file entry_2.txt (compact mmCIF, C-alpha atoms (C1' of nucleotides) and all ligand atoms)
# COMPACT_ATOMS: atom_id res chain seq x y z
CA MET A 1 -3.38 -1.02 -0.42
CA LYS A 2 -2.76 -0.74 3.27
CA PHE A 3 -1.22 1.71 5.66
CA SER A 4 2.29 0.53 6.46
CA GLN A 5 3.13 -0.71 9.90
CA ALA A 6 5.51 2.24 10.18
CA THR A 7 2.49 4.52 10.15
CA ASP A 8 0.91 2.48 12.88
CA ASN A 9 4.03 2.80 14.99
CA ALA A 10 4.34 6.51 14.34
CA LEU A 11 0.82 7.15 15.55
CA HIS A 12 1.47 5.18 18.72
CA VAL A 13 4.71 7.02 19.42
CA MET A 14 3.09 10.39 18.95
CA LEU A 15 0.21 9.43 21.18
CA TYR A 16 2.60 8.18 23.83
CA LEU A 17 4.67 11.37 23.75
CA VAL A 18 1.62 13.59 23.99
CA MET A 19 0.15 11.60 26.86
CA GLU A 20 3.21 10.73 28.90
CA ALA A 21 6.02 13.12 28.07
CA PRO A 22 4.96 16.30 26.37
CA ASP A 23 8.04 18.23 27.44
CA LYS A 24 11.03 15.98 28.04
CA PRO A 25 12.93 13.81 25.54
CA VAL A 26 12.33 10.08 25.44
CA SER A 27 15.06 7.84 24.04
CA VAL A 28 14.39 5.50 21.15
CA GLN A 29 15.37 2.68 23.48
CA VAL A 30 12.38 3.33 25.70
CA LEU A 31 10.02 3.85 22.80
CA ALA A 32 11.14 0.72 21.01
CA GLU A 33 10.51 -1.30 24.12
CA LYS A 34 6.99 0.09 24.45
CA LEU A 35 6.15 -0.89 20.89
CA SER A 36 8.16 -4.12 20.82
CA VAL A 37 10.11 -3.18 17.72
CA SER A 38 13.84 -2.86 17.11
CA GLN A 39 15.61 0.36 17.99
CA THR A 40 17.32 0.87 14.66
CA TYR A 41 14.16 0.44 12.70
CA LEU A 42 12.16 2.73 14.93
CA SER A 43 14.83 5.42 14.90
CA LYS A 44 14.84 5.39 11.14
CA MET A 45 11.12 5.93 11.19
CA LEU A 46 11.28 8.65 13.83
CA THR A 47 13.80 10.51 11.73
CA LYS A 48 11.06 10.93 9.16
CA LEU A 49 8.92 12.60 11.79
CA VAL A 50 11.82 14.87 12.67
CA LYS A 51 12.33 15.84 9.04
CA ALA A 52 8.64 16.52 8.69
CA GLY A 53 8.93 18.90 11.62
CA LEU A 54 6.59 17.02 13.93
CA ILE A 55 9.10 16.25 16.67
CA HIS A 56 12.52 17.36 17.77
CA SER A 57 15.57 15.19 18.33
CA VAL A 58 18.13 15.73 21.07
CA SER A 59 21.52 14.05 20.89
CA GLY A 60 23.72 13.16 23.80
CA ALA A 61 23.09 11.94 27.31
CA ASN A 62 19.49 12.19 28.47
CA GLY A 63 18.57 12.96 24.90
CA GLY A 64 15.90 11.43 22.73
CA TYR A 65 12.81 12.63 20.93
CA ARG A 66 10.72 15.49 22.19
CA LEU A 67 7.56 17.14 20.96
CA LYS A 68 7.68 20.57 19.47
CA ARG A 69 5.85 23.45 21.02
CA ASN A 70 2.89 23.32 18.68
CA TYR A 71 2.25 19.66 19.36
CA GLU A 72 -1.38 20.29 20.19
CA GLU A 73 -2.07 21.06 16.55
CA ILE A 74 -0.60 17.91 15.02
CA SER A 75 -3.23 15.93 13.14
CA PHE A 76 -3.43 12.29 12.16
CA LEU A 77 -2.90 13.39 8.58
CA ASP A 78 0.36 15.13 9.48
CA VAL A 79 1.74 11.91 10.92
CA ILE A 80 0.52 9.76 8.06
CA HIS A 81 1.87 12.10 5.42
CA ALA A 82 5.24 12.23 7.18
CA ILE A 83 5.56 8.46 6.91
CA GLU A 84 3.69 7.52 3.76
CA GLY A 85 4.47 10.59 1.73
CA THR A 86 1.97 12.92 0.17
CA THR A 87 1.55 11.47 -3.29
CA SER A 88 -1.92 10.49 -4.36
CA LEU A 89 -3.23 6.98 -3.79
CA PHE A 90 -4.20 6.80 -7.42
CA GLU A 91 -1.68 7.28 -10.17
CA CYS A 92 -2.28 6.05 -13.68
CA SER A 93 0.51 5.48 -16.15
CA PHE A 94 -0.83 7.90 -18.70
CA ASN A 95 -2.07 11.39 -18.20
CA HIS A 96 -5.04 12.20 -20.36
CA GLY A 97 -5.39 15.75 -19.25
CA GLN A 98 -6.79 17.40 -16.17
CA GLN A 99 -10.32 16.61 -17.16
CA CYS A 100 -9.86 12.87 -16.58
CA LEU A 101 -13.01 11.95 -14.71
CA ILE A 102 -11.74 8.68 -13.27
CA GLN A 103 -8.95 10.45 -11.46
CA GLN A 104 -11.31 13.15 -10.33
CA VAL A 105 -13.65 10.68 -8.68
CA VAL A 106 -10.96 8.73 -6.88
CA MET A 107 -9.01 11.77 -5.81
CA ASP A 108 -12.13 13.42 -4.54
CA ALA A 109 -12.84 10.38 -2.39
CA GLU A 110 -9.27 10.48 -1.19
CA ARG A 111 -9.70 14.09 -0.16
CA GLN A 112 -12.71 13.09 1.93
CA MET A 113 -10.56 10.69 3.91
CA GLU A 114 -7.76 13.19 4.29
CA GLN A 115 -10.16 15.79 5.54
CA ALA A 116 -11.33 13.48 8.29
CA LEU A 117 -7.74 12.69 9.25
CA LYS A 118 -6.88 16.36 9.24
CA ASN A 119 -9.71 17.26 11.56
CA LYS A 120 -8.54 14.95 14.30
CA THR A 121 -5.49 15.89 16.35
CA ILE A 122 -3.35 13.54 18.39
CA TYR A 123 -3.83 15.87 21.34
CA GLU A 124 -7.57 15.57 21.06
CA LEU A 125 -7.31 11.81 21.10
CA ALA A 126 -5.03 11.89 24.14
CA LYS A 127 -7.58 13.93 26.04
CA GLN A 128 -10.30 11.45 25.13
CA MET A 129 -8.22 8.55 26.37
CA LYS A 130 -7.39 10.23 29.64
CA GLY A 131 -11.06 10.98 30.08
CA VAL A 132 -11.79 7.23 30.17
CA MET B 133 -0.14 2.72 0.37
CA LYS B 134 -1.37 2.98 -3.18
CA PHE B 135 -4.12 1.54 -5.27
CA SER B 136 -2.70 -1.28 -7.35
CA GLN B 137 -2.45 -0.96 -11.08
CA ALA B 138 -4.91 -3.82 -11.33
CA THR B 139 -7.54 -1.55 -9.80
CA ASP B 140 -6.73 1.09 -12.36
CA ASN B 141 -7.16 -1.42 -15.15
CA ALA B 142 -10.38 -2.76 -13.71
CA LEU B 143 -11.92 0.69 -13.61
CA HIS B 144 -10.94 1.32 -17.21
CA VAL B 145 -12.37 -2.00 -18.37
CA MET B 146 -15.64 -1.40 -16.61
CA LEU B 147 -15.90 2.08 -18.04
CA TYR B 148 -15.16 0.76 -21.50
CA LEU B 149 -17.78 -1.95 -21.26
CA VAL B 150 -20.43 0.44 -20.02
CA MET B 151 -19.68 2.97 -22.69
CA GLU B 152 -19.01 0.80 -25.71
CA ALA B 153 -20.54 -2.61 -25.20
CA PRO B 154 -23.19 -2.79 -22.52
CA ASP B 155 -24.81 -5.89 -23.93
CA LYS B 156 -22.39 -7.99 -25.93
CA PRO B 157 -19.32 -9.89 -24.77
CA VAL B 158 -15.87 -8.46 -25.43
CA SER B 159 -12.92 -10.83 -25.54
CA VAL B 160 -9.93 -10.33 -23.27
CA GLN B 161 -7.85 -10.00 -26.41
CA VAL B 162 -9.61 -6.80 -27.39
CA LEU B 163 -9.59 -5.41 -23.87
CA ALA B 164 -5.92 -6.15 -23.35
CA GLU B 165 -5.10 -4.33 -26.53
CA LYS B 166 -7.07 -1.27 -25.43
CA LEU B 167 -5.17 -1.11 -22.14
CA SER B 168 -1.80 -2.24 -23.51
CA VAL B 169 -1.41 -5.07 -21.02
CA SER B 170 -0.95 -8.80 -21.50
CA GLN B 171 -3.97 -11.01 -22.04
CA THR B 172 -3.21 -13.57 -19.38
CA TYR B 173 -2.66 -10.99 -16.73
CA LEU B 174 -5.79 -9.08 -17.58
CA SER B 175 -7.89 -12.22 -17.68
CA LYS B 176 -6.73 -13.15 -14.23
CA MET B 177 -7.81 -9.77 -13.01
CA LEU B 178 -11.13 -9.92 -14.80
CA THR B 179 -11.82 -13.25 -13.17
CA LYS B 180 -11.86 -11.38 -9.87
CA LEU B 181 -14.57 -9.14 -11.22
CA VAL B 182 -16.52 -12.19 -12.34
CA LYS B 183 -16.24 -13.78 -8.90
CA ALA B 184 -17.35 -10.55 -7.31
CA GLY B 185 -20.44 -10.71 -9.50
CA LEU B 186 -19.76 -7.50 -11.38
CA ILE B 187 -19.49 -9.00 -14.83
CA HIS B 188 -20.32 -12.21 -16.61
CA SER B 189 -17.98 -14.42 -18.57
CA VAL B 190 -18.91 -16.29 -21.74
CA SER B 191 -16.74 -19.11 -23.00
CA GLY B 192 -16.41 -20.26 -26.56
CA ALA B 193 -16.41 -18.54 -29.89
CA ASN B 194 -17.61 -14.94 -29.82
CA GLY B 195 -17.41 -15.12 -26.08
CA GLY B 196 -15.74 -12.76 -23.68
CA TYR B 197 -16.81 -10.59 -20.80
CA ARG B 198 -20.22 -9.01 -20.61
CA LEU B 199 -21.87 -6.73 -18.11
CA LYS B 200 -24.61 -8.04 -15.90
CA ARG B 201 -28.09 -6.66 -16.03
CA ASN B 202 -27.71 -4.41 -13.05
CA TYR B 203 -24.61 -2.76 -14.40
CA GLU B 204 -26.05 0.69 -13.94
CA GLU B 205 -25.76 0.29 -10.20
CA ILE B 206 -22.10 -0.70 -10.01
CA SER B 207 -20.10 1.81 -8.00
CA PHE B 208 -16.42 2.62 -7.94
CA LEU B 209 -16.26 1.00 -4.52
CA ASP B 210 -17.65 -2.26 -5.91
CA VAL B 211 -14.84 -2.45 -8.44
CA ILE B 212 -12.14 -1.46 -5.99
CA HIS B 213 -13.31 -3.94 -3.38
CA ALA B 214 -13.42 -6.70 -5.98
CA ILE B 215 -9.75 -6.17 -6.77
CA GLU B 216 -8.21 -4.94 -3.55
CA GLY B 217 -10.34 -6.91 -1.14
CA THR B 218 -12.50 -5.51 1.59
CA THR B 219 -10.17 -5.59 4.56
CA SER B 220 -9.51 -2.34 6.35
CA LEU B 221 -6.60 -0.12 5.36
CA PHE B 222 -5.51 -0.06 8.96
CA GLU B 223 -4.70 -3.22 10.82
CA CYS B 224 -2.58 -3.20 13.94
CA SER B 225 -0.86 -6.29 15.23
CA PHE B 226 -2.60 -6.24 18.59
CA ASN B 227 -6.22 -5.81 19.33
CA HIS B 228 -6.87 -3.76 22.40
CA GLY B 229 -10.60 -4.04 22.32
CA GLN B 230 -13.30 -2.31 20.32
CA GLN B 231 -12.80 0.93 22.16
CA CYS B 232 -9.38 1.52 20.60
CA LEU B 233 -9.60 5.15 19.61
CA ILE B 234 -6.75 5.11 17.10
CA GLN B 235 -8.50 2.50 15.02
CA GLN B 236 -11.77 4.34 15.34
CA VAL B 237 -10.32 7.55 13.94
CA VAL B 238 -8.59 5.93 10.99
CA MET B 239 -11.44 3.62 10.13
CA ASP B 240 -13.89 6.47 10.33
CA ALA B 241 -11.80 8.41 7.83
CA GLU B 242 -11.66 5.32 5.66
CA ARG B 243 -15.41 5.10 5.70
CA GLN B 244 -15.61 8.67 4.45
CA MET B 245 -13.60 7.71 1.41
CA GLU B 246 -15.59 4.56 0.81
CA GLN B 247 -18.82 6.50 1.01
CA ALA B 248 -17.67 8.83 -1.72
CA LEU B 249 -16.61 5.87 -3.88
CA LYS B 250 -19.92 4.18 -3.23
CA ASN B 251 -21.95 7.18 -4.28
CA LYS B 252 -20.41 7.31 -7.72
CA THR B 253 -21.40 4.70 -10.28
CA ILE B 254 -19.49 3.75 -13.39
CA TYR B 255 -22.65 4.35 -15.38
CA GLU B 256 -22.89 7.88 -14.08
CA LEU B 257 -19.32 8.54 -15.14
CA ALA B 258 -19.96 7.11 -18.58
CA LYS B 259 -22.87 9.48 -19.06
CA GLN B 260 -20.70 12.41 -18.04
CA MET B 261 -18.02 11.45 -20.51
CA LYS B 262 -20.46 11.06 -23.36
CA GLY B 263 -21.89 14.43 -22.47
CA VAL B 264 -18.54 16.02 -23.23
C1' DT C 265 -15.32 -31.92 -34.51
C1' DT C 266 -12.76 -27.78 -34.52
C1' DA C 267 -11.70 -23.22 -33.60
C1' DT C 268 -12.38 -19.90 -30.11
C1' DC C 269 -12.32 -18.18 -25.63
C1' DA C 270 -12.13 -18.18 -20.34
C1' DT C 271 -9.92 -20.53 -16.12
C1' DA C 272 -6.49 -22.13 -13.09
C1' DG C 273 -2.02 -23.53 -11.46
C1' DA C 274 2.82 -23.04 -11.34
C1' DT C 275 6.36 -19.99 -11.48
C1' DA C 276 9.49 -16.15 -12.28
C1' DA C 277 10.71 -11.30 -12.20
C1' DG C 278 10.30 -6.79 -10.13
C1' DT C 279 9.45 -3.67 -6.35
C1' DA C 280 8.51 -1.90 -1.83
C1' DA C 281 8.41 -2.63 3.09
C1' DA C 282 10.63 -4.46 7.15
C1' DG C 283 14.55 -5.34 9.64
C1' DT C 284 19.78 -5.51 10.77
C1' DC C 285 24.61 -3.96 11.17
C1' DT C 286 28.08 -0.63 11.50
C1' DA C 287 30.49 3.62 11.42
C1' DC C 288 29.83 8.40 12.58
C1' DA C 289 28.32 12.90 14.54
C1' DA C 290 26.39 15.54 18.29
C1' DT C 291 25.76 16.47 23.09
C1' DC C 292 26.10 16.14 28.08
C1' DG C 293 28.35 15.60 32.46
C1' DA C 294 32.40 15.08 35.02
C1' DT D 295 39.08 17.91 27.51
C1' DC D 296 37.35 13.09 27.84
C1' DG D 297 34.24 9.46 27.72
C1' DA D 298 29.61 7.86 27.90
C1' DT D 299 25.23 8.40 25.75
C1' DT D 300 22.17 9.09 22.07
C1' DG D 301 20.52 10.17 17.31
C1' DT D 302 21.90 9.84 11.96
C1' DA D 303 23.00 7.73 7.78
C1' DG D 304 24.43 4.28 4.55
C1' DA D 305 24.82 -0.35 2.96
C1' DC D 306 22.79 -4.52 3.20
C1' DT D 307 19.54 -8.67 3.80
C1' DT D 308 15.20 -10.61 4.22
C1' DT D 309 10.38 -10.85 3.39
C1' DA D 310 6.08 -9.97 1.20
C1' DC D 311 3.40 -8.46 -2.49
C1' DT D 312 2.48 -7.06 -7.18
C1' DT D 313 3.11 -7.80 -11.87
C1' DA D 314 3.85 -10.85 -15.53
C1' DT D 315 4.38 -15.17 -18.29
C1' DC D 316 3.66 -19.96 -19.69
C1' DT D 317 0.94 -23.90 -20.13
C1' DA D 318 -2.64 -27.14 -19.62
C1' DT D 319 -7.60 -27.57 -19.21
C1' DG D 320 -12.57 -26.78 -19.66
C1' DA D 321 -16.61 -24.69 -21.94
C1' DT D 322 -19.15 -23.15 -26.04
C1' DA D 323 -20.54 -21.81 -30.79
C1' DA D 324 -20.45 -22.87 -35.56
S1 LIG E 401 -8.46 8.02 -18.56
FE1 LIG E 401 -7.62 9.07 -16.71
S2 LIG E 401 -7.13 7.41 -15.29
FE2 LIG E 401 -7.34 6.50 -17.34
S3 LIG E 401 -5.26 6.45 -18.21
FE3 LIG E 401 -6.21 8.37 -18.90
S4 LIG E 401 -5.63 9.92 -17.35
FE4 LIG E 401 -5.24 7.88 -16.44
S1 LIG E 402 -4.05 0.87 20.82
FE1 LIG E 402 -5.42 0.32 19.11
S2 LIG E 402 -4.21 0.60 17.24
FE2 LIG E 402 -2.77 0.52 18.99
S3 LIG E 402 -2.14 -1.67 19.13
FE3 LIG E 402 -3.89 -1.38 20.53
S4 LIG E 402 -5.69 -1.93 19.26
FE4 LIG E 402 -3.99 -1.56 17.84
call {"tool": "encode", "arguments": {"input": "entry_2.txt", "output": "structure tokens"}}
result
Amino acid sequence: MKFSQATDNALHVMLYLVMEAPDKPVSVQVLAEKLSVSQTYLSKMLTKLVKAGLIHSVSGANGGYRLKRNYEEISFLDVIHAIEGTTSLFECSFNHGQQCLIQQVVMDAERQMEQALKNKTIYELAKQMKGV
Amino acid sequence: MKFSQATDNALHVMLYLVMEAPDKPVSVQVLAEKLSVSQTYLSKMLTKLVKAGLIHSVSGANGGYRLKRNYEEISFLDVIHAIEGTTSLFECSFNHGQQCLIQQVVMDAERQMEQALKNKTIYELAKQMKGV
DNA sequence: TTATCATAGATAAGTAAAGTCTACAATCGA
DNA sequence: TCGATTGTAGACTTTACTTATCTATGATAA
């Protein structure tokens, strides 16, 4: 029960883009170097962000990954869901009806965490960091 | 990023003990049958609960696993921590100081979830279920 | 003492994440 | 149009973790 390292990388990439290059594409080569991971692995991960609609990809010379116009609204939860998926943390083998109290308790707790992650945007964090 | 099935089983065992046998030992044989899992695997898992101080084990004939005296205070978080460990869900490879804002955001969200799991006791849930 | 029951170690099978390689498609600039 | 650049996708390997089983051992009640 841990966030994958891919999630960690995704958050760092998003933060980097917001802080350093909000409007022009950055190649996976540059990003991979910043994070010290391989290009192919990172590109595979970034494709998930593209599919989730968080960033834009540009092929060809001077291409790379670029933020979308609404990048100021992207939350931590958006990034995490794009990588980890949106299925619940708790899934039992059986399904004893909607009134299962165990599931209710755990899922409610889960929602608390998601709410906190939803309330914090990458943009907000970038501003905080620049403030320092 | 999911709760392990062991956690699921642990919650069910605890709930069963609180509801059906708060004071006498139940053998792993009986418990394994209830959950449809193997005895050896379940016993290994229950040993974690014993080590975490949540339940008591009794060897010998008519032995088994028994709740401790303070069982009414055991929270969901206690059970989950006993099985999954207490390390944070988010661990980056580097450590750029305590003022790392990314970690702060994620860990804060994590604390929200833990708080919710801490506020709910197994005993409370058992009462709710009997009420139905 | 004997039957019952938990514990612990070794180990195997299954599954998901992490990482690599390669061929291909899209785009830009000349 | 052509060639260099850059992302995409599939197959594949490696690694790590979870789940599961077997077996020997230790503790306890009757
Ligand atoms: S009681 Fe709830 S959590 Fe347990 S098996 Fe049934 S549906 Fe799943
Ligand atoms: S910035 Fe924070 S989360 Fe990122 S590597 Fe540094 S310490 Fe870890």
call {"tool": "residues_around", "arguments": {"input": "entry_2.txt", "residues": "region 179-190 of chain B", "least_positions_apart": "5", "cutoff": "6 Å", "atoms": "all atoms listed in the file", "output": "ChimeraX atom specification"}}
result
/B:195-200,214
call {"tool": "residues_near_ligand", "arguments": {"input": "entry_2.txt", "ligand": "ligand LIG 402 (chain E)", "cutoff": "10 Å", "atoms": "all atoms listed in the file", "output": "list of chain:residue names"}}
result
A:Asp8, A:Asn9, A:Leu11, A:His12, A:Val13, A:Leu15, A:Leu35, B:Phe222, B:Glu223, B:Cys224, B:Ser225, B:Phe226, B:Asn227, B:His228, B:Gly229, B:Gln230, B:Gln231, B:Cys232, B:Leu233, B:Ile234, B:Gln235, B:Gln236, B:Val237, B:Val238
call {"tool": "closest_atom_pairs", "arguments": {"input": "entry_2.txt", "of": "chain C", "to": "chain B", "cutoff": "9 Å", "atoms": "only C-alpha atoms (C1' of nucleotides)", "output": "JSON lines"}}
result
{"residue": "C:DA267", "atom": "C1'", "partner": "B:Ala193", "partner_atom": "CA", "distance": 7.6}
{"residue": "C:DT268", "atom": "C1'", "partner": "B:Ala193", "partner_atom": "CA", "distance": 4.3}
{"residue": "C:DC269", "atom": "C1'", "partner": "B:Gly192", "partner_atom": "CA", "distance": 4.7}
{"residue": "C:DA270", "atom": "C1'", "partner": "B:Ser191", "partner_atom": "CA", "distance": 5.4}
{"residue": "C:DT271", "atom": "C1'", "partner": "B:Thr179", "partner_atom": "CA", "distance": 8.1}
call {"tool": "write_last_selection", "arguments": {"input": "entry_2.txt", "atoms": "C-alpha atoms (C1' of nucleotides)", "output": "PDB file, in the frame of the given file"}}
result
ATOM      1  C1'  DA C 267     -11.700 -23.220 -33.600  1.00  0.00           C
ATOM      2  C1'  DT C 268     -12.380 -19.900 -30.110  1.00  0.00           C
ATOM      3  C1'  DC C 269     -12.320 -18.180 -25.630  1.00  0.00           C
ATOM      4  C1'  DA C 270     -12.130 -18.180 -20.340  1.00  0.00           C
ATOM      5  C1'  DT C 271      -9.920 -20.530 -16.120  1.00  0.00           C
TER       6       DT C 271
END
call {"tool": "residues_around", "arguments": {"input": "entry_2.txt", "residues": "DA303 (chain D)", "least_positions_apart": "2", "cutoff": "12 Å", "atoms": "all atoms listed in the file", "output": "VMD selection string"}}
result
(chain A and resid 40 43 to 44 47) or (chain C and resid 286 to 289) or (chain D and resid 301 305)
call {"tool": "atom_distance", "arguments": {"input": "entry_2.txt", "atom1": "C1' of DG297 (chain D)", "atom2": "CA of Lys24 (chain A)"}}
result
24.1 Å
call {"tool": "residues_around", "arguments": {"input": "entry_2.txt", "residues": "Ser88 (chain A)", "least_positions_apart": "3", "cutoff": "9 Å", "atoms": "all atoms listed in the file", "output": "PyMOL selection string"}}
result
(chain A and resi 85+91+107+110) or (chain B and resi 134)
call {"tool": "closest_atom_pairs", "arguments": {"input": "entry_2.txt", "of": "chain B", "to": "chain A", "cutoff": "6 Å", "atoms": "only C-alpha atoms", "output": "tab-separated table"}}
result
residue	atom	partner	partner_atom	distance
B:Met133	CA	A:Met1	CA	5.0
B:Lys134	CA	A:Leu89	CA	4.5
B:Phe135	CA	A:Met1	CA	5.5
B:Leu221	CA	A:Lys2	CA	4.4
B:Phe222	CA	A:Phe3	CA	5.7
B:Ala241	CA	A:Met113	CA	4.7
B:Glu242	CA	A:Met113	CA	5.8
B:Gln244	CA	A:Met113	CA	5.5
B:Met245	CA	A:Ala109	CA	4.7
B:Ala248	CA	A:Ala109	CA	5.1
call {"tool": "residues_around", "arguments": {"input": "entry_2.txt", "residues": "region 311-319 of chain D", "least_positions_apart": "5", "cutoff": "8 Å", "atoms": "only C-alpha atoms (C1' of nucleotides)", "output": "PyMOL selection string"}}
result
(chain B and resi 136+170+172-173) or (chain C and resi 276-279)
call {"tool": "atom_distance", "arguments": {"input": "entry_2.txt", "atom1": "C1' of DT300 (chain D)", "atom2": "CA of Asn70 (chain A)"}}
result
24.2 Å
call {"tool": "atom_distance", "arguments": {"input": "entry_2.txt", "atom1": "CA of Arg69 (chain A)", "atom2": "CA of Met19 (chain A)"}}
result
14.4 Å
call {"tool": "closest_residue", "arguments": {"input": "entry_2.txt", "among": "B:Ala164, B:Ala142, B:Ile212, B:Val158", "to": "ligand LIG 401 (chain E)", "atoms": "all atoms listed in the file"}}
result
B:Ala142
call {"tool": "interface_residues", "arguments": {"input": "entry_2.txt", "of": "chain D", "to": "chain B", "cutoff": "6 Å", "atoms": "all atoms listed in the file", "output": "list in words"}}
result
DA321, DT322 and DA323 of chain D
call {"tool": "axis_aligned_box", "arguments": {"input": "entry_2.txt", "around": "region 26-37 of chain A", "padding_each_side": "5 Å", "output": "JSON"}}
result
{"center_x": 10.8, "center_y": 3.0, "center_z": 21.7, "size_x": 19.2, "size_y": 24.2, "size_z": 18.0}
call {"tool": "residues_around", "arguments": {"input": "entry_2.txt", "residues": "DT308 (chain D)", "least_positions_apart": "5", "cutoff": "10 Å", "atoms": "all atoms listed in the file", "output": "list in words"}}
result
DA282, DG283 and DT284 of chain C
call {"tool": "residues_near_point", "arguments": {"input": "entry_2.txt", "point": "(-19.3, -28.7, -37.0)", "cutoff": "9 Å", "atoms": "all atoms listed in the file", "output": "list in words"}}
result
DT265 and DT266 of chain C; DA324 of chain D
call {"tool": "build_atoms", "arguments": {"input": "entry_2.txt", "residues": "region 5-11 of chain A", "atoms": "all heavy atoms", "output": "short mmCIF file (atom, residue, chain, number, x, y, z; two decimals), keeping the file's coordinate frame"}}
result
data_model
loop_
_atom_site.label_atom_id
_atom_site.label_comp_id
_atom_site.auth_asym_id
_atom_site.auth_seq_id
_atom_site.Cartn_x
_atom_site.Cartn_y
_atom_site.Cartn_z
N GLN A 5 3.04 -0.53 8.46
CA GLN A 5 3.13 -0.71 9.90
C GLN A 5 3.90 0.46 10.51
O GLN A 5 3.71 0.79 11.68
CB GLN A 5 3.84 -2.03 10.20
CG GLN A 5 3.56 -2.53 11.60
CD GLN A 5 4.26 -3.85 11.86
OE1 GLN A 5 4.39 -4.65 10.93
NE2 GLN A 5 4.68 -4.08 13.08
N ALA A 6 4.76 1.07 9.71
CA ALA A 6 5.51 2.24 10.18
C ALA A 6 4.54 3.35 10.59
O ALA A 6 4.75 4.03 11.59
CB ALA A 6 6.46 2.71 9.09
N THR A 7 3.49 3.52 9.81
CA THR A 7 2.49 4.52 10.15
C THR A 7 1.83 4.19 11.47
O THR A 7 1.65 5.06 12.32
CB THR A 7 1.41 4.57 9.04
OG1 THR A 7 2.02 5.03 7.83
CG2 THR A 7 0.29 5.50 9.43
N ASP A 8 1.50 2.95 11.63
CA ASP A 8 0.91 2.48 12.88
C ASP A 8 1.82 2.83 14.05
O ASP A 8 1.38 3.42 15.05
CB ASP A 8 0.71 0.96 12.77
CG ASP A 8 0.04 0.37 13.99
OD1 ASP A 8 0.66 0.36 15.08
OD2 ASP A 8 -1.10 -0.09 13.87
N ASN A 9 3.08 2.52 13.92
CA ASN A 9 4.03 2.80 14.99
C ASN A 9 4.15 4.30 15.26
O ASN A 9 4.19 4.73 16.41
CB ASN A 9 5.41 2.24 14.64
CG ASN A 9 5.44 0.72 14.70
OD1 ASN A 9 4.73 0.12 15.49
ND2 ASN A 9 6.25 0.11 13.86
N ALA A 10 4.20 5.06 14.19
CA ALA A 10 4.34 6.51 14.34
C ALA A 10 3.18 7.10 15.13
O ALA A 10 3.38 7.93 16.01
CB ALA A 10 4.44 7.15 12.96
N LEU A 11 1.99 6.64 14.83
CA LEU A 11 0.82 7.15 15.55
C LEU A 11 0.91 6.81 17.03
O LEU A 11 0.61 7.64 17.89
CB LEU A 11 -0.47 6.56 14.95
CG LEU A 11 -0.87 7.09 13.58
CD1 LEU A 11 -2.04 6.29 13.02
CD2 LEU A 11 -1.25 8.56 13.66
#
